[in-house]
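> Pasting input-v3.txt here (compact mmCIF, C-alpha atoms and all ligand atoms):
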# COMPACT_ATOMS: atom_id res chain seq x y z
CA MET N 1 89.72 98.60 166.86
CA THR N 2 89.38 100.71 163.74
CA ARG N 3 88.50 99.12 160.40
CA PHE N 4 90.95 98.00 157.71
CA ASP N 5 90.53 101.06 155.45
CA THR N 6 91.26 103.39 158.35
CA ARG N 7 94.23 101.37 159.54
CA ALA N 8 95.66 101.35 156.00
CA VAL N 9 95.68 105.16 156.01
CA HIS N 10 97.20 105.60 159.48
CA ALA N 11 99.43 102.55 160.08
CA GLY N 12 103.06 103.45 160.68
CA ARG N 13 102.14 107.11 161.17
CA GLU N 14 101.10 107.02 164.83
CA ASP N 15 104.02 109.19 165.99
CA PHE N 16 103.61 111.95 163.40
CA GLN N 17 102.03 114.43 165.78
CA ALA N 18 104.84 113.97 168.33
CA LEU N 19 107.43 114.39 165.56
CA CYS N 20 105.50 117.33 164.05
CA VAL N 21 105.58 115.84 160.53
CA HIS N 22 102.83 114.92 158.08
CA ALA N 23 104.86 112.63 155.77
CA PRO N 24 107.22 109.87 156.92
CA PRO N 25 110.81 111.02 157.51
CA LEU N 26 113.14 109.42 154.94
CA ASP N 27 116.46 108.37 156.50
CA LEU N 28 119.10 107.53 153.88
CA SER N 29 122.06 107.16 156.28
CA THR N 30 124.31 104.17 155.73
CA THR N 31 126.03 104.60 159.10
CA TYR N 32 125.21 106.21 162.44
CA PRO N 33 127.53 108.00 164.89
CA VAL N 34 128.62 105.85 167.83
CA ALA N 35 129.79 108.31 170.49
CA ASP N 36 129.03 105.98 173.36
CA LEU N 37 130.80 102.70 172.64
CA ALA N 38 128.97 100.75 175.36
CA VAL N 39 125.59 101.70 173.83
CA GLY N 40 127.02 100.96 170.39
CA THR N 41 128.16 97.43 171.19
CA ALA N 42 124.92 96.59 173.00
CA SER N 43 122.93 97.90 170.01
CA PHE N 44 125.09 95.93 167.59
CA ASP N 45 124.50 92.70 169.53
CA ALA N 46 120.76 93.34 169.75
CA LEU N 47 120.36 94.01 166.02
CA VAL N 48 122.54 91.11 164.83
CA GLY N 49 120.55 88.94 167.25
CA GLY N 50 117.38 89.94 165.40
CA GLU N 51 115.84 92.59 167.65
CA ALA N 52 113.44 94.95 165.87
CA GLY N 53 115.30 98.05 167.06
CA ALA N 54 118.08 99.34 169.32
CA PRO N 55 119.15 102.69 170.78
CA ASN N 56 121.69 103.08 167.95
CA PRO N 57 120.96 101.69 164.44
CA ILE N 58 124.77 101.33 163.91
CA TYR N 59 124.71 100.52 160.17
CA ALA N 60 121.94 100.45 157.58
CA ARG N 61 122.30 96.71 156.94
CA LEU N 62 121.31 96.16 160.57
CA HIS N 63 118.49 98.67 160.88
CA ASN N 64 116.82 101.58 159.12
CA PRO N 65 114.03 103.65 160.72
CA THR N 66 112.19 104.31 157.43
CA VAL N 67 112.12 100.60 156.62
CA ALA N 68 111.07 99.78 160.20
CA ARG N 69 108.15 102.20 159.88
CA THR N 70 106.90 100.50 156.71
CA GLU N 71 107.30 97.09 158.36
CA ALA N 72 105.25 98.26 161.34
CA ALA N 73 102.48 99.42 158.99
CA LEU N 74 102.36 96.10 157.15
CA ALA N 75 102.31 94.10 160.39
CA VAL N 76 99.21 96.10 161.35
CA LEU N 77 97.52 95.29 158.04
CA GLU N 78 98.31 91.54 158.22
CA GLY N 79 97.43 91.37 161.92
CA THR N 80 100.85 89.99 162.90
CA GLU N 81 103.28 91.07 165.61
CA ALA N 82 106.07 91.74 163.15
CA CYS N 83 107.03 92.20 159.53
CA VAL N 84 110.49 91.90 157.99
CA ALA N 85 111.15 93.63 154.66
CA PHE N 86 113.57 92.49 151.98
CA ALA N 87 114.96 93.64 148.64
CA SER N 88 112.35 91.61 146.70
CA GLY N 89 109.77 88.88 147.10
CA MET N 90 112.42 86.32 146.12
CA ALA N 91 114.84 87.68 148.75
CA ALA N 92 112.07 87.32 151.34
CA LEU N 93 111.42 83.70 150.34
CA THR N 94 115.16 82.96 150.31
CA ALA N 95 115.53 84.33 153.86
CA VAL N 96 112.73 82.07 155.13
CA LEU N 97 114.29 79.06 153.36
CA LEU N 98 117.77 79.78 154.81
CA GLU N 99 116.27 80.12 158.29
CA ARG N 100 114.17 76.94 158.00
CA ARG N 101 117.14 74.99 156.63
CA GLN N 102 118.52 75.05 160.17
CA HIS N 103 115.46 73.07 161.36
CA GLY N 104 115.39 70.39 158.66
CA ALA N 105 116.27 69.69 155.03
CA HIS N 106 112.82 68.88 153.63
CA VAL N 107 110.10 71.23 152.43
CA LEU N 108 106.62 70.40 151.12
CA VAL N 109 105.36 72.63 148.33
CA VAL N 110 101.92 72.79 146.74
CA ARG N 111 101.94 73.66 143.03
CA PRO N 112 101.23 75.80 141.14
CA LEU N 113 103.16 78.76 142.44
CA TYR N 114 105.04 81.75 141.11
CA GLY N 115 107.50 80.54 138.45
CA THR N 116 110.70 81.76 140.13
CA SER N 117 109.60 80.42 143.53
CA ASP N 118 109.05 77.06 141.83
CA HIS N 119 112.49 77.35 140.22
CA LEU N 120 114.25 78.36 143.45
CA LEU N 121 112.72 75.40 145.29
CA ALA N 122 113.16 72.83 142.50
CA SER N 123 116.81 73.85 142.02
CA GLY N 124 117.71 73.08 145.65
CA LEU N 125 119.79 76.27 145.67
CA CYS N 126 119.05 76.92 149.36
CA GLY N 127 120.03 73.40 150.39
CA LEU N 128 116.48 72.16 150.90
CA GLU N 129 114.91 69.14 149.25
CA ALA N 130 111.58 70.37 147.86
CA GLU N 131 108.84 67.80 147.43
CA PHE N 132 105.92 68.99 145.30
CA VAL N 133 102.59 67.64 146.52
CA GLU N 134 98.86 68.19 146.27
CA ALA N 135 97.35 70.07 149.22
CA GLY N 136 95.56 66.86 150.25
CA GLU N 137 98.88 64.98 150.55
CA ILE N 138 100.58 67.26 153.11
CA ALA N 139 99.80 65.15 156.19
CA ALA N 140 100.89 61.88 154.54
CA ARG N 141 104.17 63.28 153.13
CA ARG N 142 105.32 65.05 156.30
CA ARG N 143 108.66 63.76 157.57
CA PRO N 144 110.57 64.31 160.84
CA ASP N 145 112.93 66.63 158.92
CA THR N 146 110.16 68.63 157.21
CA ALA N 147 110.99 72.23 158.05
CA LEU N 148 108.32 74.12 156.11
CA VAL N 149 105.12 73.80 154.09
CA ILE N 150 104.65 76.33 151.27
CA ILE N 151 101.37 77.23 149.63
CA GLU N 152 100.32 80.08 147.38
CA THR N 153 96.69 81.18 147.26
CA PRO N 154 95.34 82.38 144.91
CA ALA N 155 97.98 80.53 142.89
CA ASN N 156 99.93 82.03 140.04
CA PRO N 157 98.78 81.88 137.25
CA THR N 158 95.70 79.63 137.46
CA LEU N 159 94.02 81.41 140.40
CA ASP N 160 93.35 78.08 142.08
CA LEU N 161 92.66 78.52 145.79
CA VAL N 162 94.25 76.44 148.56
CA ASP N 163 92.50 75.92 151.90
CA ILE N 164 94.86 77.62 154.40
CA ARG N 165 93.19 76.22 157.52
CA ALA N 166 93.30 72.68 156.12
CA ALA N 167 96.97 73.05 155.13
CA VAL N 168 97.83 74.33 158.63
CA ALA N 169 95.99 71.39 160.22
CA ALA N 170 97.73 68.89 157.90
CA ALA N 171 101.15 70.45 158.61
CA GLY N 172 100.82 69.84 162.36
CA GLU N 173 103.88 71.32 164.10
CA VAL N 174 105.51 72.31 160.81
CA PRO N 175 105.21 76.04 160.03
CA VAL N 176 103.18 76.99 156.96
CA LEU N 177 104.21 79.82 154.64
CA VAL N 178 101.41 81.38 152.59
CA ASP N 179 102.37 83.48 149.59
CA SER N 180 99.45 85.92 149.75
CA THR N 181 100.72 88.29 147.04
CA PHE N 182 97.61 87.93 144.83
CA ALA N 183 95.17 88.42 147.71
CA THR N 184 96.71 91.32 149.68
CA PRO N 185 95.54 91.83 153.28
CA VAL N 186 92.43 93.48 151.85
CA LEU N 187 91.10 90.12 150.68
CA GLN N 188 92.79 87.61 152.96
CA THR N 189 94.71 87.48 156.26
CA PRO N 190 96.42 84.07 156.46
CA ALA N 191 97.95 84.58 159.94
CA ALA N 192 94.43 84.62 161.41
CA LEU N 193 93.94 81.17 159.82
CA GLY N 194 97.09 79.75 161.40
CA ALA N 195 99.81 80.51 158.84
CA THR N 196 103.21 81.10 160.47
CA TYR N 197 104.66 83.19 157.64
CA VAL N 198 102.69 85.49 155.31
CA LEU N 199 104.81 86.39 152.31
CA HIS N 200 104.21 89.17 149.82
CA SER N 201 105.98 90.28 146.76
CA ALA N 202 105.34 93.90 147.72
CA THR N 203 106.40 94.74 144.16
CA LYS N 204 102.81 93.95 143.22
CA PHE N 205 99.65 95.30 144.92
CA LEU N 206 101.28 96.64 148.09
CA GLY N 207 103.56 98.95 146.11
CA GLY N 208 100.84 99.23 143.51
CA HIS N 209 102.37 101.73 141.11
CA GLY N 210 104.98 99.68 139.27
CA ASP N 211 107.96 101.52 140.73
CA VAL N 212 109.10 99.47 143.75
CA ILE N 213 110.68 96.03 144.05
CA ALA N 214 110.19 94.72 147.57
CA GLY N 215 109.29 91.63 149.57
CA VAL N 216 107.92 91.21 153.08
CA VAL N 217 107.33 88.41 155.55
CA CYS N 218 104.69 89.05 158.23
CA CYS N 219 104.88 86.74 161.26
CA SER N 220 105.26 86.56 165.04
CA GLU N 221 108.13 88.40 166.71
CA GLU N 222 109.63 85.01 167.59
CA HIS N 223 109.78 84.03 163.91
CA ALA N 224 110.82 87.50 162.78
CA ARG N 225 114.00 87.59 164.88
CA PRO N 226 115.94 84.88 162.99
CA LEU N 227 114.79 86.42 159.69
CA ARG N 228 116.34 89.75 160.69
CA THR N 229 119.54 87.90 161.55
CA VAL N 230 119.54 86.30 158.08
CA ARG N 231 118.91 89.70 156.52
CA ALA N 232 121.76 91.33 158.45
CA ALA N 233 124.08 88.50 157.40
CA THR N 234 123.07 88.20 153.74
CA GLY N 235 122.30 91.85 153.02
CA ALA N 236 119.10 91.46 150.97
CA LEU N 237 117.84 94.80 152.32
CA LEU N 238 114.94 96.93 151.30
CA HIS N 239 116.28 100.37 150.35
CA PRO N 240 114.72 103.14 152.50
CA LEU N 241 113.47 105.01 149.42
CA ALA N 242 111.70 101.82 148.26
CA ALA N 243 110.27 101.44 151.79
CA TYR N 244 109.07 105.05 151.66
CA LEU N 245 107.29 104.46 148.33
CA LEU N 246 105.80 101.22 149.61
CA HIS N 247 104.43 102.99 152.68
CA ARG N 248 103.08 105.76 150.45
CA GLY N 249 100.97 103.25 148.53
CA LEU N 250 99.28 101.70 151.56
CA PRO N 251 96.58 104.32 152.25
CA THR N 252 95.05 103.61 148.81
CA LEU N 253 95.51 99.82 148.95
CA ALA N 254 91.88 98.98 149.72
CA LEU N 255 90.57 101.49 147.14
CA ARG N 256 92.88 100.12 144.45
CA VAL N 257 92.12 96.46 145.20
CA GLU N 258 88.36 97.03 145.30
CA ARG N 259 88.22 99.06 142.09
CA ALA N 260 90.46 96.63 140.19
CA GLN N 261 88.37 93.73 141.47
CA ALA N 262 85.11 95.36 140.31
CA ASN N 263 86.70 95.78 136.85
CA ALA N 264 87.89 92.17 136.84
CA GLU N 265 84.39 90.91 137.63
CA VAL N 266 83.09 92.74 134.54
CA LEU N 267 85.95 91.60 132.27
CA SER N 268 85.77 87.97 133.45
CA ARG N 269 82.10 87.73 132.48
CA ARG N 270 82.68 89.35 129.08
CA LEU N 271 85.68 87.10 128.40
CA ALA N 272 83.69 84.00 129.32
CA ALA N 273 81.00 84.97 126.80
CA HIS N 274 83.47 85.59 123.94
CA PRO N 275 83.68 82.79 121.32
CA ALA N 276 87.46 83.26 120.76
CA VAL N 277 88.10 82.51 124.43
CA SER N 278 87.90 78.83 125.36
CA ARG N 279 88.36 79.03 129.13
CA VAL N 280 88.44 81.67 131.86
CA HIS N 281 90.06 81.03 135.26
CA TYR N 282 88.59 83.45 137.80
CA PRO N 283 87.49 82.76 141.37
CA GLY N 284 84.39 84.94 140.88
CA LEU N 285 83.19 82.68 138.04
CA ARG N 286 83.77 79.61 140.27
CA THR N 287 86.06 78.21 137.54
CA VAL N 288 89.08 77.59 139.81
CA ARG N 289 89.87 74.88 142.35
CA ASN N 290 88.37 75.41 145.80
CA ALA N 291 86.21 78.35 144.68
CA HIS N 292 84.04 77.57 147.72
CA LEU N 293 86.68 79.38 149.83
CA LEU N 294 85.47 82.64 148.33
CA GLY N 295 83.47 84.52 150.95
CA THR N 296 85.13 82.68 153.84
CA GLN N 297 88.91 82.42 153.50
CA GLN N 298 89.07 85.00 150.74
CA ARG N 299 86.87 88.07 150.96
CA GLY N 300 86.66 88.73 147.22
CA PRO N 301 87.69 87.26 143.85
CA GLY N 302 90.57 89.70 143.23
CA SER N 303 91.73 91.32 140.02
CA LEU N 304 93.75 88.62 138.27
CA ILE N 305 92.18 86.63 135.46
CA ALA N 306 93.74 83.87 133.39
CA PHE N 307 92.12 82.98 130.09
CA GLU N 308 92.80 80.66 127.24
CA MET N 309 92.60 81.68 123.61
CA ALA N 310 90.82 79.10 121.48
CA GLY N 311 93.46 79.76 118.81
CA GLY N 312 96.29 78.59 121.09
CA TYR N 313 99.79 80.06 121.18
CA GLN N 314 99.53 82.11 117.96
CA ALA N 315 96.31 83.77 119.10
CA ALA N 316 97.73 84.49 122.58
CA ALA N 317 100.89 86.01 121.08
CA ALA N 318 98.72 88.14 118.78
CA VAL N 319 96.68 89.50 121.71
CA MET N 320 99.95 90.61 123.37
CA ARG N 321 100.85 92.39 120.12
CA GLN N 322 97.41 93.99 119.58
CA VAL N 323 96.61 95.57 122.95
CA ARG N 324 96.89 99.35 122.92
CA LEU N 325 95.73 100.56 126.34
CA MET N 326 96.93 97.57 128.35
CA THR N 327 100.65 97.00 128.69
CA PRO N 328 101.97 93.64 127.50
CA ALA N 329 104.29 93.00 130.45
CA VAL N 330 105.00 90.68 133.36
CA SER N 331 104.28 91.73 136.95
CA LEU N 332 100.87 92.54 138.38
CA GLY N 333 98.95 94.54 140.94
CA SER N 334 99.69 97.94 139.46
CA VAL N 335 97.13 100.70 138.94
CA ASP N 336 97.36 100.03 135.20
CA THR N 337 96.36 96.82 133.41
CA LEU N 338 99.06 94.35 132.41
CA ILE N 339 98.74 91.25 130.24
CA GLN N 340 101.32 88.49 129.88
CA HIS N 341 101.90 84.95 128.64
CA PRO N 342 102.77 82.63 131.58
CA ALA N 343 104.18 79.71 129.56
CA GLY N 344 106.49 82.01 127.60
CA LEU N 345 107.46 84.44 130.38
CA THR N 346 106.76 84.14 134.13
CA HIS N 347 106.50 80.34 134.18
CA ARG N 348 109.16 79.68 131.57
CA VAL N 349 111.48 78.30 134.29
CA VAL N 350 108.89 75.71 135.41
CA SER N 351 109.34 72.17 134.06
CA GLU N 352 107.17 71.22 131.05
CA SER N 353 105.41 68.45 133.00
CA ALA N 354 104.60 70.79 135.92
CA LYS N 355 103.33 73.40 133.45
CA ALA N 356 101.03 70.84 131.83
CA ALA N 357 99.81 69.52 135.19
CA SER N 358 99.05 73.05 136.40
CA GLY N 359 97.11 74.04 133.28
CA ILE N 360 99.74 76.49 131.99
CA THR N 361 98.94 75.94 128.32
CA PRO N 362 100.39 77.65 125.21
CA GLY N 363 97.14 79.60 124.72
CA LEU N 364 96.93 80.92 128.30
CA LEU N 365 97.17 84.64 129.04
CA ARG N 366 97.18 86.28 132.47
CA LEU N 367 95.53 89.62 132.95
CA SER N 368 96.26 91.88 135.93
CA VAL N 369 93.33 94.25 135.81
CA GLY N 370 94.00 97.85 136.84
CA ILE N 371 91.82 100.71 138.02
CA GLU N 372 91.01 102.25 134.61
CA HIS N 373 87.35 102.36 133.44
CA ALA N 374 86.07 98.81 132.84
CA ASP N 375 84.50 99.70 129.47
CA ASP N 376 87.76 101.16 128.15
CA LEU N 377 89.57 98.00 129.22
CA TRP N 378 86.99 95.80 127.53
CA ASP N 379 87.09 97.86 124.32
CA ASP N 380 90.85 97.34 124.16
CA LEU N 381 90.78 93.66 125.07
CA ARG N 382 87.93 92.87 122.69
CA GLN N 383 89.62 94.56 119.72
CA ALA N 384 92.87 92.71 120.54
CA ILE N 385 91.09 89.34 120.84
CA GLU N 386 89.17 89.88 117.62
CA ALA N 387 92.24 91.04 115.70
CA ALA N 388 94.12 88.01 117.05
CA ALA N 389 91.30 85.61 116.15
CA SER N 390 91.06 86.90 112.59
CA ALA N 391 94.87 86.89 112.17
CA THR N 392 94.98 83.22 113.24
CA ARG N 393 92.07 82.37 110.92
CA VAL N 394 93.93 83.97 108.00
CA ALA N 395 97.12 82.09 108.94
CA ASP N 396 95.18 78.82 109.14
CA ALA N 397 93.59 79.38 105.73
CA ALA N 398 96.93 80.18 104.07
C1 LIG N 401 106.27 88.47 141.83
C2 LIG N 401 105.99 87.37 142.78
C3 LIG N 401 106.99 86.85 143.59
C4 LIG N 401 108.43 87.32 143.52
O1 LIG N 401 108.53 88.63 143.96
P1 LIG N 401 109.67 89.67 143.42
O2 LIG N 401 109.35 90.89 144.18
O3 LIG N 401 109.51 89.77 141.94
O4 LIG N 401 110.98 89.07 143.80
C5 LIG N 401 106.65 85.84 144.48
N1 LIG N 401 105.38 85.37 144.55
C6 LIG N 401 104.40 85.84 143.77
C7 LIG N 401 103.03 85.27 143.88
C8 LIG N 401 104.66 86.86 142.85
O5 LIG N 401 103.68 87.32 142.07
What would you get if you wrote out this structure as structure tokens?

Amino acid sequence: MTRFDTRAVHAGREDFQALCVHAPPLDLSTTYPVADLAVGTASFDALVGGEAGAPNPIYARLHNPTVARTEAALAVLEGTEACVAFASGMAALTAVLLERRQHGAHVLVVRPLYGTSDHLLASGLCGLEAEFVEAGEIAARRRPDTALVIIETPANPTLDLVDIRAAVAAAGEVPVLVDSTFATPVLQTPAALGATYVLHSATKFLGGHGDVIAGVVCCSEEHARPLRTVRAATGALLHPLAAYLLHRGLPTLALRVERAQANAEVLSRRLAAHPAVSRVHYPGLRTVRNAHLLGTQQRGPGSLIAFEMAGGYQAAAAVMRQVRLMTPAVSLGSVDTLIQHPAGLTHRVVSESAKAASGITPGLLRLSVGIEHADDLWDDLRQAIEAAASATRVADAA
């Protein structure tokens, strides 16, 4: 088999020569002509039943060839039989929850995780009772009605790692969903470690250019079928143009992830040495939980860094105000560098006690390092940190 970098360039493009095209065809049809009613009804049944394709796509909520092509590419990269794409990462998670709700009403969740995922689960909106546990408690807290175990690694925003193999073993028969958004298939392939569902907010690294909202679940064909049925029924579709853009980003995925990671390794060391910074969370510095999984489960430390300003909330807010090259914004995994304040923004919806327990402090900032030159990024970050530190010193003196 070819290597990852090669597969990333060619996945979902295998039929190009036969079609005599060099870029993926973009099909924007909402409906498809049904001249042969017998074929039409059989296709309708197949697609509503969750089949990956049928002789007639019938209607774009049931099937779209451009979306299917992107899904095929992502299944190749995650090493799974199938991939099902949704309108966003949250729509993808919701579809899995709605499907699992039919198997039981209890779900075990390891914190920390993405703020809105935490909120969706804690709210019980999908009819599941979420129990938040430590990874080491999964086996003991499993119940006969436990329908799913959810972990996120690296976790948002603390970059703590969770042992996927151990979670799968502890879950027994219960399927494990791994939110692998921060890792991408370049750095980690959870299905090979036993995860049933690999979830990505494709809005982040997979899209990679800050212009697509998308979510995907990579899994076996058996698990994909009911997810397609949920998608057809609830309508949380990925638009074909978004699928086209997502597919367009894949050939450079490995290049982007590796360059951003090299930058993050430089910035993490410089941040750790700076007196205005009291703590740096980065797998490469071994300052996160389960850092020993680096090199085995996770092939590299990635390009997200969380760091704490010694000056607390005021200093963190000032850094957001002072950056010039970096964009002060939520989201991550884009070619450009983004910096944000988890407690005030992405993790605002998480309960105060869970924030405190997860280390989401008022002085914490999360940096999604892009592919710019590392020295330019450091120049910008250093001036922002120093301006923030002196502004807080002046405020303290006044
Ligand atoms: C952004 C994100 C999500 C949610 O994805 P959307 O595409 O914004 O709906 C879920 N998990 C993680 C880890 C994320 O970073």
> Neighbouring residues of ligand LIG 401 (chain N) are defined here as those with any atom at most 8 Å from a ligand atom, counting all atoms listed in the file; list them as an MDAnalysis selection string.
chainID N and resid 87:93 113:114 116:117 152 155:156 179:182 199:204 213:215 331:332
> Which of these residues is nearest to N:Val230, using all atoms listed in the file: N:Ala8, N:Ala316, N:Ile385, N:Ala85?
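Closest candidate: N:Ala85.
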> Counting all atoms listed in the file, which of N:Gly124, N:Pro328, N:Gly210, N:Gly172 gets nearest to N:Pro342?
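Counting all atoms listed in the file, the residue closest to N:Pro342 is N:Pro328.
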> Using only C-alpha atoms, list the residues that have an atom at most 10 Å from (93.7, 79.8, 121.8), coordinates as in the file, as number ranges by chain.
N: 276-279, 307-317, 361-365, 385, 388-389, 392
> Leaving out N:Ile339 and any residue of its chain fewer than 5 positions from it, which residues lie within 6 Å of it when counting only C-alpha atoms, given as an NGL selection string?
:N and (328-329 or 366-367)
> Here is a test: counting all atoms listed in the file, which residue of N:Gln297, N:Thr30, N:Ser351, N:Ser368 is nearest to N:Leu193?
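Among the listed residues, N:Gln297 lies closest to N:Leu193.
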> Can you work out which one of N:Ala306, N:Ala130, N:Val96, N:Ala318 has the shortest atom-to-atom distance to N:Asp160, counting all atoms listed in the file?
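Closest residue, counting all atoms listed in the file: N:Ala306.
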> Quick one: pull the distance between atom CA of N:Leu47 and atom CA of N:Arg225, Å, one decimal.
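That distance, rounded to one decimal, is 9.1 Å.
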> Set the distance at 12 Å and use all atoms listed in the file: which residues neighbour N:Leu125 once local chain neighbours fewer than 6 positions away are removed? I'd like the list as JSON, numbers by chain.
{"N": [94, 97, 98, 101, 105, 116, 117, 118, 119]}
> Could you tell me which of N:Thr153, N:Thr70, N:Ser353, N:Thr2 comes closest to N:Leu246 if we count all atoms listed in the file?
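That would be N:Thr70, the residue with the smallest distance to N:Leu246.
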> For the point (99.2, 101.5, 125.7) in file coordinates, what residues are within 10 Å, counting only C-alpha atoms? Give the answer as a PyMOL selection string?
chain N and resi 322-328+336-338+380
> Please provide the set of residues having any atom within 8 Å of N:Ala191, restricted to only C-alpha atoms, with same-chain residues fewer than 2 positions apart removed, written as a PDB file with C-alpha atoms, keeping the file's coordinate frame.

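Written file, result35.pdb:
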ATOM      1  CA  GLU N  78      98.310  91.540 158.220  1.00  0.00           C
ATOM      2  CA  GLY N  79      97.430  91.370 161.920  1.00  0.00           C
ATOM      3  CA  THR N  80     100.850  89.990 162.900  1.00  0.00           C
ATOM      4  CA  THR N 189      94.710  87.480 156.260  1.00  0.00           C
ATOM      5  CA  LEU N 193      93.940  81.170 159.820  1.00  0.00           C
ATOM      6  CA  GLY N 194      97.090  79.750 161.400  1.00  0.00           C
ATOM      7  CA  ALA N 195      99.810  80.510 158.840  1.00  0.00           C
ATOM      8  CA  THR N 196     103.210  81.100 160.470  1.00  0.00           C
ATOM      9  CA  TYR N 197     104.660  83.190 157.640  1.00  0.00           C
ATOM     10  CA  VAL N 198     102.690  85.490 155.310  1.00  0.00           C
ATOM     11  CA  CYS N 219     104.880  86.740 161.260  1.00  0.00           C
TER      12      CYS N 219
END
> Excluding stretch 247-256 of chain N and residues on its chain fewer than 5 positions from it, collect all residues at most 9 Å away from it, counting all atoms listed in the file, and give them as an NGL selection string.
:N and (4-12 or 23-24 or 67 or 69-71 or 73-74 or 184-187 or 205-209 or 242 or 261 or 333-335 or 370-371)
> Write the residues of the preceding selection, restricted to C-alpha atoms, as a PDB file, in the coordinates of the input.

ATOM      1  CA  PHE N   4      90.950  98.000 157.710  1.00  0.00           C
ATOM      2  CA  ASP N   5      90.530 101.060 155.450  1.00  0.00           C
ATOM      3  CA  THR N   6      91.260 103.390 158.350  1.00  0.00           C
ATOM      4  CA  ARG N   7      94.230 101.370 159.540  1.00  0.00           C
ATOM      5  CA  ALA N   8      95.660 101.350 156.000  1.00  0.00           C
ATOM      6  CA  VAL N   9      95.680 105.160 156.010  1.00  0.00           C
ATOM      7  CA  HIS N  10      97.200 105.600 159.480  1.00  0.00           C
ATOM      8  CA  ALA N  11      99.430 102.550 160.080  1.00  0.00           C
ATOM      9  CA  GLY N  12     103.060 103.450 160.680  1.00  0.00           C
ATOM     10  CA  ALA N  23     104.860 112.630 155.770  1.00  0.00           C
ATOM     11  CA  PRO N  24     107.220 109.870 156.920  1.00  0.00           C
ATOM     12  CA  VAL N  67     112.120 100.600 156.620  1.00  0.00           C
ATOM     13  CA  ARG N  69     108.150 102.200 159.880  1.00  0.00           C
ATOM     14  CA  THR N  70     106.900 100.500 156.710  1.00  0.00           C
ATOM     15  CA  GLU N  71     107.300  97.090 158.360  1.00  0.00           C
ATOM     16  CA  ALA N  73     102.480  99.420 158.990  1.00  0.00           C
ATOM     17  CA  LEU N  74     102.360  96.100 157.150  1.00  0.00           C
ATOM     18  CA  THR N 184      96.710  91.320 149.680  1.00  0.00           C
ATOM     19  CA  PRO N 185      95.540  91.830 153.280  1.00  0.00           C
ATOM     20  CA  VAL N 186      92.430  93.480 151.850  1.00  0.00           C
ATOM     21  CA  LEU N 187      91.100  90.120 150.680  1.00  0.00           C
ATOM     22  CA  PHE N 205      99.650  95.300 144.920  1.00  0.00           C
ATOM     23  CA  LEU N 206     101.280  96.640 148.090  1.00  0.00           C
ATOM     24  CA  GLY N 207     103.560  98.950 146.110  1.00  0.00           C
ATOM     25  CA  GLY N 208     100.840  99.230 143.510  1.00  0.00           C
ATOM     26  CA  HIS N 209     102.370 101.730 141.110  1.00  0.00           C
ATOM     27  CA  ALA N 242     111.700 101.820 148.260  1.00  0.00           C
ATOM     28  CA  GLN N 261      88.370  93.730 141.470  1.00  0.00           C
ATOM     29  CA  GLY N 333      98.950  94.540 140.940  1.00  0.00           C
ATOM     30  CA  SER N 334      99.690  97.940 139.460  1.00  0.00           C
ATOM     31  CA  VAL N 335      97.130 100.700 138.940  1.00  0.00           C
ATOM     32  CA  GLY N 370      94.000  97.850 136.840  1.00  0.00           C
ATOM     33  CA  ILE N 371      91.820 100.710 138.020  1.00  0.00           C
TER      34      ILE N 371
END
> Output stretch 4-11 of chain N with N, CA, C and O atoms present, as a PDB file, keeping the file's coordinate frame.

ATOM      1  N   PHE N   4      89.774  98.151 158.570  1.00  0.00           N
ATOM      2  CA  PHE N   4      90.950  98.000 157.710  1.00  0.00           C
ATOM      3  C   PHE N   4      91.281  99.270 156.933  1.00  0.00           C
ATOM      4  O   PHE N   4      92.439  99.709 156.898  1.00  0.00           O
ATOM      5  N   ASP N   5      90.272  99.890 156.311  1.00  0.00           N
ATOM      6  CA  ASP N   5      90.530 101.060 155.450  1.00  0.00           C
ATOM      7  C   ASP N   5      91.167 102.188 156.254  1.00  0.00           C
ATOM      8  O   ASP N   5      92.036 102.916 155.750  1.00  0.00           O
ATOM      9  N   THR N   6      90.723 102.338 157.486  1.00  0.00           N
ATOM     10  CA  THR N   6      91.260 103.390 158.350  1.00  0.00           C
ATOM     11  C   THR N   6      92.695 103.046 158.764  1.00  0.00           C
ATOM     12  O   THR N   6      93.586 103.901 158.713  1.00  0.00           O
ATOM     13  N   ARG N   7      92.888 101.781 159.134  1.00  0.00           N
ATOM     14  CA  ARG N   7      94.230 101.370 159.540  1.00  0.00           C
ATOM     15  C   ARG N   7      95.224 101.541 158.382  1.00  0.00           C
ATOM     16  O   ARG N   7      96.365 101.935 158.589  1.00  0.00           O
ATOM     17  N   ALA N   8      94.767 101.235 157.160  1.00  0.00           N
ATOM     18  CA  ALA N   8      95.660 101.350 156.000  1.00  0.00           C
ATOM     19  C   ALA N   8      96.143 102.787 155.805  1.00  0.00           C
ATOM     20  O   ALA N   8      97.257 103.025 155.352  1.00  0.00           O
ATOM     21  N   VAL N   9      95.308 103.741 156.162  1.00  0.00           N
ATOM     22  CA  VAL N   9      95.680 105.160 156.010  1.00  0.00           C
ATOM     23  C   VAL N   9      96.648 105.591 157.113  1.00  0.00           C
ATOM     24  O   VAL N   9      97.571 106.364 156.867  1.00  0.00           O
ATOM     25  N   HIS N  10      96.454 105.070 158.323  1.00  0.00           N
ATOM     26  CA  HIS N  10      97.200 105.600 159.480  1.00  0.00           C
ATOM     27  C   HIS N  10      98.342 104.725 159.973  1.00  0.00           C
ATOM     28  O   HIS N  10      99.159 105.195 160.776  1.00  0.00           O
ATOM     29  N   ALA N  11      98.408 103.468 159.533  1.00  0.00           N
ATOM     30  CA  ALA N  11      99.430 102.550 160.080  1.00  0.00           C
ATOM     31  C   ALA N  11     100.837 103.060 159.805  1.00  0.00           C
ATOM     32  O   ALA N  11     101.144 103.537 158.705  1.00  0.00           O
TER      33      ALA N  11
END
